[in-house]
>>> print(open('work.tsv').read())   # TSV, C-alpha atoms
chain	number	residue	atom	x	y	z
A	1	MET	CA	0.00	0.00	0.00
A	2	LYS	CA	1.33	3.40	-0.95
A	3	ASN	CA	1.84	6.00	1.67
A	4	PHE	CA	2.24	9.73	1.80
A	5	ASP	CA	5.39	11.61	2.71
A	6	ILE	CA	6.56	15.15	3.20
A	7	ASN	CA	10.07	16.45	3.04
A	8	GLN	CA	10.89	20.03	3.92
A	9	ARG	CA	13.61	22.25	2.44
A	10	GLU	CA	14.45	25.92	2.53
A	11	ILE	CA	15.65	27.82	-0.52
A	12	GLU	CA	16.31	31.55	-0.34
A	13	GLN	CA	13.90	31.93	2.58
A	14	VAL	CA	11.22	30.03	0.74
A	15	GLN	CA	9.90	26.92	2.43
A	16	VAL	CA	9.51	24.02	0.06
A	17	LEU	CA	7.40	21.00	0.95
A	18	ASP	CA	8.07	18.02	-1.30
A	19	ILE	CA	5.01	15.86	-1.08
A	20	SER	CA	4.91	12.33	-2.44
A	21	GLY	CA	2.54	9.41	-2.66
A	22	GLU	CA	-1.20	9.55	-2.16
A	23	LEU	CA	-2.99	12.45	-0.48
A	24	ASP	CA	-6.43	11.42	0.74
A	25	ALA	CA	-8.65	11.82	3.81
A	26	HIS	CA	-6.27	9.58	5.73
A	27	THR	CA	-3.01	11.28	4.88
A	28	ALA	CA	-4.24	14.90	4.64
A	29	SER	CA	-3.57	15.50	8.34
A	30	LYS	CA	0.16	15.07	7.72
A	31	LEU	CA	0.12	17.92	5.23
A	32	GLU	CA	-2.07	19.95	7.54
A	33	ASP	CA	0.42	19.56	10.40
A	34	SER	CA	3.31	20.68	8.21
A	35	LEU	CA	1.47	23.75	6.94
A	36	LYS	CA	0.31	24.64	10.43
A	37	THR	CA	3.85	24.43	11.76
A	38	LEU	CA	5.10	26.77	9.03
A	39	ILE	CA	2.30	29.25	9.64
A	40	ASP	CA	2.92	29.19	13.40
A	41	LYS	CA	6.54	30.10	12.67
A	42	LYS	CA	5.26	32.97	10.50
A	43	LYS	CA	6.74	31.45	7.38
A	44	ASN	CA	4.69	32.96	4.59
A	45	LYS	CA	6.49	31.90	1.41
A	46	ILE	CA	5.55	28.32	0.84
A	47	ILE	CA	5.96	26.11	-2.19
A	48	VAL	CA	4.35	22.71	-2.31
A	49	ASN	CA	6.24	20.70	-4.87
A	50	CYS	CA	3.96	17.94	-6.18
A	51	ARG	CA	6.50	16.21	-8.43
A	52	ASN	CA	6.09	12.87	-6.67
A	53	LEU	CA	2.45	13.25	-5.77
A	54	GLU	CA	0.62	10.42	-7.46
A	55	TYR	CA	-2.91	11.00	-6.26
A	56	ILE	CA	-5.03	13.64	-4.60
A	57	ALA	CA	-8.60	13.54	-3.29
A	58	SER	CA	-10.70	16.49	-2.16
A	59	ALA	CA	-9.58	16.06	1.46
A	60	GLY	CA	-6.10	17.00	0.24
A	61	LEU	CA	-7.41	20.00	-1.66
A	62	GLY	CA	-9.31	21.00	1.46
A	63	VAL	CA	-6.06	21.50	3.35
A	64	PHE	CA	-4.94	24.11	0.83
A	65	MET	CA	-8.35	25.75	1.01
A	66	ALA	CA	-8.18	25.97	4.78
A	67	TYR	CA	-4.76	27.67	5.02
A	68	ILE	CA	-4.31	29.82	1.94
A	69	GLU	CA	-6.02	32.86	3.43
A	70	ASP	CA	-3.88	32.74	6.57
A	71	VAL	CA	-0.71	32.71	4.49
A	72	ARG	CA	-1.91	35.44	2.13
A	73	GLY	CA	-3.00	37.44	5.15
A	74	MET	CA	0.65	37.42	6.28
A	75	GLY	CA	1.64	38.84	2.92
A	76	GLY	CA	2.78	35.52	1.48
A	77	ASP	CA	1.41	32.72	-0.64
A	78	ILE	CA	1.24	28.98	-1.09
A	79	LYS	CA	2.34	28.13	-4.60
A	80	LEU	CA	1.87	24.68	-6.06
A	81	THR	CA	4.34	23.30	-8.57
A	82	ASN	CA	5.38	20.33	-10.70
A	83	MET	CA	2.02	18.52	-10.76
A	84	ASN	CA	1.47	15.60	-13.07
A	85	ASP	CA	-1.53	15.79	-15.42
A	86	LYS	CA	-3.70	13.47	-13.36
A	87	VAL	CA	-3.26	15.51	-10.20
A	88	TYR	CA	-3.65	18.81	-12.06
A	89	ASN	CA	-6.93	17.57	-13.51
A	90	VAL	CA	-8.43	17.26	-10.02
A	91	PHE	CA	-7.39	20.82	-9.11
A	92	ASP	CA	-8.76	21.97	-12.45
A	93	LEU	CA	-12.14	20.27	-11.98
A	94	LEU	CA	-12.66	22.34	-8.87
A	95	GLY	CA	-11.52	25.61	-10.39
A	96	PHE	CA	-8.32	25.89	-8.36
A	97	PRO	CA	-6.18	27.36	-11.16
A	98	THR	CA	-8.03	30.69	-10.98
A	99	LEU	CA	-7.59	30.94	-7.21
A	100	TYR	CA	-4.15	29.44	-6.62
A	101	ASP	CA	-0.78	29.92	-8.22
A	102	ILE	CA	-0.08	26.61	-9.92
A	103	LEU	CA	3.25	26.60	-11.74
A	104	ASP	CA	5.14	24.13	-13.89
A	105	ASP	CA	8.41	24.53	-12.03
A	106	GLU	CA	9.61	25.15	-8.53
A	107	GLU	CA	12.22	27.60	-9.89
A	108	GLU	CA	9.45	29.74	-11.36
A	109	ALA	CA	7.75	29.91	-7.99
A	110	ILE	CA	10.97	30.90	-6.21
A	111	GLU	CA	11.56	33.59	-8.81
A	112	GLN	CA	8.07	34.96	-8.25
A	113	PHE	CA	8.59	35.07	-4.51
A	114	ASN	CA	11.92	36.86	-4.98
A	115	ASN	CA	10.44	39.39	-7.40
A	116	SER	CA	7.50	40.21	-5.17
A	117	ALA	CA	9.86	40.81	-2.24
A	118	GLN	CA	11.62	43.64	-4.02
B	1	MET	CA	-15.73	-5.77	-0.57
B	2	THR	CA	-16.70	-4.69	2.91
B	3	ILE	CA	-14.49	-2.38	4.92
B	4	LYS	CA	-14.59	-0.88	8.35
B	5	ALA	CA	-15.41	2.82	8.23
B	6	ALA	CA	-11.88	4.15	8.60
B	7	THR	CA	-9.89	6.46	6.36
B	8	GLY	CA	-6.98	4.04	6.60
B	9	GLN	CA	-9.02	1.73	4.36
B	10	LEU	CA	-9.27	4.20	1.48
B	11	ALA	CA	-6.09	3.09	-0.26
B	12	ALA	CA	-7.36	-0.50	-0.35
B	13	VAL	CA	-10.72	0.67	-1.71
B	14	ARG	CA	-9.00	2.60	-4.48
B	15	GLU	CA	-6.87	-0.38	-5.37
B	16	PHE	CA	-9.92	-2.65	-5.47
B	17	ILE	CA	-11.99	-0.40	-7.72
B	18	ALA	CA	-9.11	0.44	-10.05
B	19	LYS	CA	-8.46	-3.24	-10.59
B	20	ARG	CA	-12.10	-3.89	-11.41
B	21	ALA	CA	-12.29	-0.93	-13.80
B	22	GLU	CA	-9.17	-2.16	-15.55
B	23	GLU	CA	-10.64	-5.64	-15.92
B	24	PHE	CA	-13.70	-4.10	-17.54
B	25	GLY	CA	-11.48	-2.40	-20.13
B	26	PHE	CA	-11.60	1.23	-19.04
B	27	ASN	CA	-8.72	3.47	-20.11
B	28	GLU	CA	-6.30	5.08	-17.71
B	29	LYS	CA	-8.14	8.41	-17.51
B	30	GLN	CA	-11.45	6.66	-16.87
B	31	ILE	CA	-9.88	4.48	-14.19
B	32	SER	CA	-8.55	7.62	-12.47
B	33	ASP	CA	-12.01	9.19	-12.57
B	34	ILE	CA	-13.69	6.10	-11.12
B	35	ARG	CA	-11.03	5.68	-8.43
B	36	LEU	CA	-11.43	9.27	-7.25
B	37	ALA	CA	-15.24	9.17	-7.33
B	38	VAL	CA	-15.32	6.01	-5.21
B	39	ASP	CA	-12.75	7.46	-2.79
B	40	GLU	CA	-14.88	10.61	-2.39
B	41	ALA	CA	-18.07	8.61	-1.83
B	42	CYS	CA	-16.37	6.39	0.74
B	43	THR	CA	-14.78	9.36	2.50
B	44	ASN	CA	-18.17	11.07	2.74
B	45	ILE	CA	-19.69	7.99	4.35
B	46	ILE	CA	-16.86	7.68	6.87
B	47	LYS	CA	-16.99	11.38	7.74
B	48	HIS	CA	-20.63	12.31	7.45
B	49	ALA	CA	-22.76	9.18	7.66
B	50	TYR	CA	-20.68	7.58	10.43
B	51	ASP	CA	-18.79	10.51	11.92
B	52	TYR	CA	-15.57	8.43	12.00
B	53	ASP	CA	-17.11	5.57	13.98
B	54	GLU	CA	-14.76	2.75	13.03
B	55	SER	CA	-17.07	0.07	14.34
B	56	LYS	CA	-19.32	0.71	11.32
B	57	LYS	CA	-19.04	-0.89	7.90
B	58	VAL	CA	-19.17	0.22	4.29
B	59	GLU	CA	-20.10	-2.30	1.64
B	60	ILE	CA	-18.82	-1.72	-1.88
B	61	LYS	CA	-20.16	-3.64	-4.83
B	62	THR	CA	-19.44	-3.32	-8.47
B	63	GLY	CA	-20.57	-4.81	-11.75
B	64	TYR	CA	-20.53	-4.29	-15.45
B	65	ARG	CA	-23.39	-4.33	-17.89
B	66	ASN	CA	-24.05	-2.93	-21.36
B	67	ASP	CA	-20.72	-1.16	-21.63
B	68	ARG	CA	-21.33	0.45	-18.28
B	69	LEU	CA	-19.68	0.04	-14.90
B	70	TRP	CA	-21.72	0.48	-11.76
B	71	VAL	CA	-20.41	0.89	-8.25
B	72	SER	CA	-22.56	0.99	-5.15
B	73	LEU	CA	-21.58	1.93	-1.61
B	74	SER	CA	-23.92	1.09	1.24
B	75	ASP	CA	-23.96	2.34	4.80
B	76	THR	CA	-26.28	2.32	7.78
B	77	GLY	CA	-25.45	5.79	9.06
B	78	GLU	CA	-26.92	9.24	8.69
B	79	ALA	CA	-28.54	9.56	5.27
B	80	PHE	CA	-27.18	12.04	2.76
B	81	LYS	CA	-29.85	14.37	1.44
B	82	PRO	CA	-28.93	15.36	-2.09
B	83	GLU	CA	-31.69	18.00	-2.15
B	84	ASN	CA	-29.83	19.93	0.55
B	85	TYR	CA	-26.70	19.97	-1.49
B	86	SER	CA	-25.50	22.99	-3.44
B	87	LYS	CA	-22.48	23.50	-5.65
B	88	PRO	CA	-19.52	24.67	-3.59
B	89	ASP	CA	-18.29	28.24	-3.96
B	90	LEU	CA	-14.54	27.83	-3.68
B	91	ARG	CA	-13.73	31.51	-3.38
B	92	LYS	CA	-16.16	31.93	-0.51
B	93	GLN	CA	-14.87	28.80	1.21
B	94	MET	CA	-11.31	30.00	0.95
B	95	LYS	CA	-12.19	33.32	2.56
B	96	SER	CA	-13.93	31.63	5.45
B	97	ARG	CA	-11.20	28.95	5.70
B	98	LYS	CA	-13.76	26.24	5.18
B	99	ARG	CA	-13.14	23.02	3.47
B	100	GLY	CA	-15.10	20.07	2.30
B	101	GLY	CA	-18.39	19.84	0.49
B	102	VAL	CA	-16.63	19.28	-2.78
B	103	GLY	CA	-16.70	15.50	-2.83
B	104	VAL	CA	-20.28	15.27	-4.05
B	105	TYR	CA	-19.55	17.81	-6.75
B	106	LEU	CA	-16.52	15.83	-7.91
B	107	ILE	CA	-18.46	12.56	-8.01
B	108	LYS	CA	-21.06	14.16	-10.28
B	109	LYS	CA	-18.37	15.52	-12.57
B	110	LEU	CA	-16.39	12.30	-12.74
B	111	MET	CA	-19.22	9.81	-13.24
B	112	ASP	CA	-22.00	9.67	-15.84
B	113	GLU	CA	-24.84	9.10	-13.43
B	114	VAL	CA	-25.28	9.09	-9.65
B	115	GLU	CA	-28.27	7.86	-7.67
B	116	TYR	CA	-29.01	7.98	-3.97
B	117	SER	CA	-31.52	5.67	-2.34
B	118	GLN	CA	-32.61	4.48	1.06
B	119	GLU	CA	-34.17	1.19	2.02
B	120	ALA	CA	-34.97	0.51	5.63
B	121	ASP	CA	-31.79	1.60	7.45
B	122	VAL	CA	-29.50	1.27	4.49
B	123	ASN	CA	-28.32	4.21	2.41
B	124	VAL	CA	-26.98	3.46	-1.02
B	125	ILE	CA	-25.09	5.62	-3.45
B	126	ARG	CA	-24.89	4.05	-6.85
B	127	MET	CA	-22.82	5.52	-9.65
B	128	TYR	CA	-22.29	4.65	-13.25
B	129	LYS	CA	-19.50	5.18	-15.74
B	130	ASN	CA	-19.87	4.49	-19.44
B	131	ARG	CA	-16.92	2.87	-21.15
B	132	SER	CA	-17.37	4.81	-24.36
>>> encode(input="work.tsv", output="structure tokens")
Amino acid sequence: MKNFDINQREIEQVQVLDISGELDAHTASKLEDSLKTLIDKKKNKIIVNCRNLEYIASAGLGVFMAYIEDVRGMGGDIKLTNMNDKVYNVFDLLGFPTLYDILDDEEEAIEQFNNSAQ
Amino acid sequence: MTIKAATGQLAAVREFIAKRAEEFGFNEKQISDIRLAVDEACTNIIKHAYDYDESKKVEIKTGYRNDRLWVSLSDTGEAFKPENYSKPDLRKQMKSRKRGGVGVYLIKKLMDEVEYSQEADVNVIRMYKNRS
């Protein structure tokens, strides 16, 4: 059975969460804990790199919905990157691309964060 | 298959339904759609019908007829009332930091037909996906 994992990195003051595996109602709490921890530490530039994310259900999407306003309220953002087509399709079905920054590459997201800081 | 109403069972449910859909000759995109729809239906039962009571059971049945797959999920919990359901407004939900309520919407989008029924104490959601 596949699991879900999160690895955290920091690049130029941007927090990057590499998420992998399957994000469903069972594993969503792991992502929630990670985001909460970052928000508690007032980290407001967050990238969630979905390169190794194989599956997402609405419980996973719900985590992003629950925290995006907090992060934007602190002047930052949660940017999502490197999704495969299958995962992107689920975000797209729910209209996420008009509300969230979904980018092809992590580098693009870091660039955007750096530009907005100037 | 019958599972206990626990989110830890979802991965096994997805594996089960994906295998069946593959056996019935669905393509990869269709299998993804079916897998997600069944996950969402099962999640809703665990959360809403049973309120995470792991002593409860969900029964999942599937079959294939006339180029069409059907999947049914049965529970004995709180009944879902589709008439009380409205399409989620994502922007509004974001602002109020709410989540959820999108599973039913996704199921409708992913499957060709969805029916809800109740007999005695049993609630059934039955969904269909056409192969072509």
>>> closest_atom_pairs(input="work.tsv", of="chain B", to="chain A", cutoff="8 Å", atoms="only C-alpha atoms", output="tab-separated table")
residue	atom	partner	partner_atom	distance
B:Thr7	CA	A:His26	CA	4.8
B:Gly8	CA	A:His26	CA	5.7
B:Leu10	CA	A:His26	CA	7.5
B:Ala11	CA	A:Met1	CA	6.8
B:Ala12	CA	A:Met1	CA	7.4
B:Lys29	CA	A:Lys86	CA	7.9
B:Ser32	CA	A:Lys86	CA	7.7
B:Leu36	CA	A:Ala57	CA	6.5
B:Asp39	CA	A:Ala57	CA	7.4
B:Glu40	CA	A:Ala57	CA	7.0
B:Thr43	CA	A:Ala25	CA	6.7
B:Leu90	CA	A:Gly95	CA	7.7
B:Arg91	CA	A:Leu99	CA	7.3
B:Gln93	CA	A:Met65	CA	7.2
B:Met94	CA	A:Met65	CA	5.2
B:Lys95	CA	A:Glu69	CA	6.2
B:Arg97	CA	A:Ala66	CA	4.3
B:Lys98	CA	A:Ala66	CA	5.6
B:Arg99	CA	A:Gly62	CA	4.8
B:Gly100	CA	A:Gly62	CA	5.9
B:Val102	CA	A:Ser58	CA	6.6
B:Gly103	CA	A:Ser58	CA	6.1
B:Leu106	CA	A:Leu93	CA	7.4
B:Lys109	CA	A:Leu93	CA	7.9
>>> residues_around(input="work.tsv", residues="B:Leu69", least_positions_apart="3", cutoff="6 Å", atoms="all atoms listed in the file", output="PyMOL selection string")
chain B and resi 63-64+128-129
>>> residues_around(input="work.tsv", residues="A:Asp105", least_positions_apart="3", cutoff="7 Å", atoms="all atoms listed in the file", output="VMD selection string")
chain A and resid 81 to 82 108 to 109
>>> atom_distance(input="work.tsv", atom1="atom CA of B:Glu22", atom2="atom CA of B:Ala49")
29.2 Å
>>> residues_near_point(input="work.tsv", point="(-16.9, 9.2, -11.3)", cutoff="6 Å", atoms="only C-alpha atoms", output="list of chain:residue names")
B:Asp33, B:Ile34, B:Ala37, B:Ile107, B:Leu110, B:Met111
>>> closest_residue(input="work.tsv", among="B:Asn66, B:Gln30, B:Ser86, B:Ser55", to="B:Ile17", atoms="all atoms listed in the file")
B:Gln30
>>> axis_aligned_box(input="work.tsv", around="stretch 40-55 of chain B", padding_each_side="3 Å", output="AutoDock Vina command-line options")
--center_x -18.8 --center_y 6.2 --center_z 6.0 --size_x 14.0 --size_y 18.2 --size_z 22.7
>>> closest_residue(input="work.tsv", among="A:Leu17, A:Val71, A:Ile110, A:Ile11", to="A:Asp40", atoms="all atoms listed in the file")
A:Val71
>>> closest_residue(input="work.tsv", among="B:Arg14, B:Arg68, B:Arg20, B:Lys81", to="B:Asn123", atoms="only C-alpha atoms")
B:Lys81
>>> atom_distance(input="work.tsv", atom1="atom CA of A:Leu38", atom2="atom CA of A:Tyr100")
18.4 Å
>>> closest_residue(input="work.tsv", among="A:Lys43, A:Lys79, A:Arg51, A:Arg72", to="A:Ser20", atoms="only C-alpha atoms")
A:Arg51
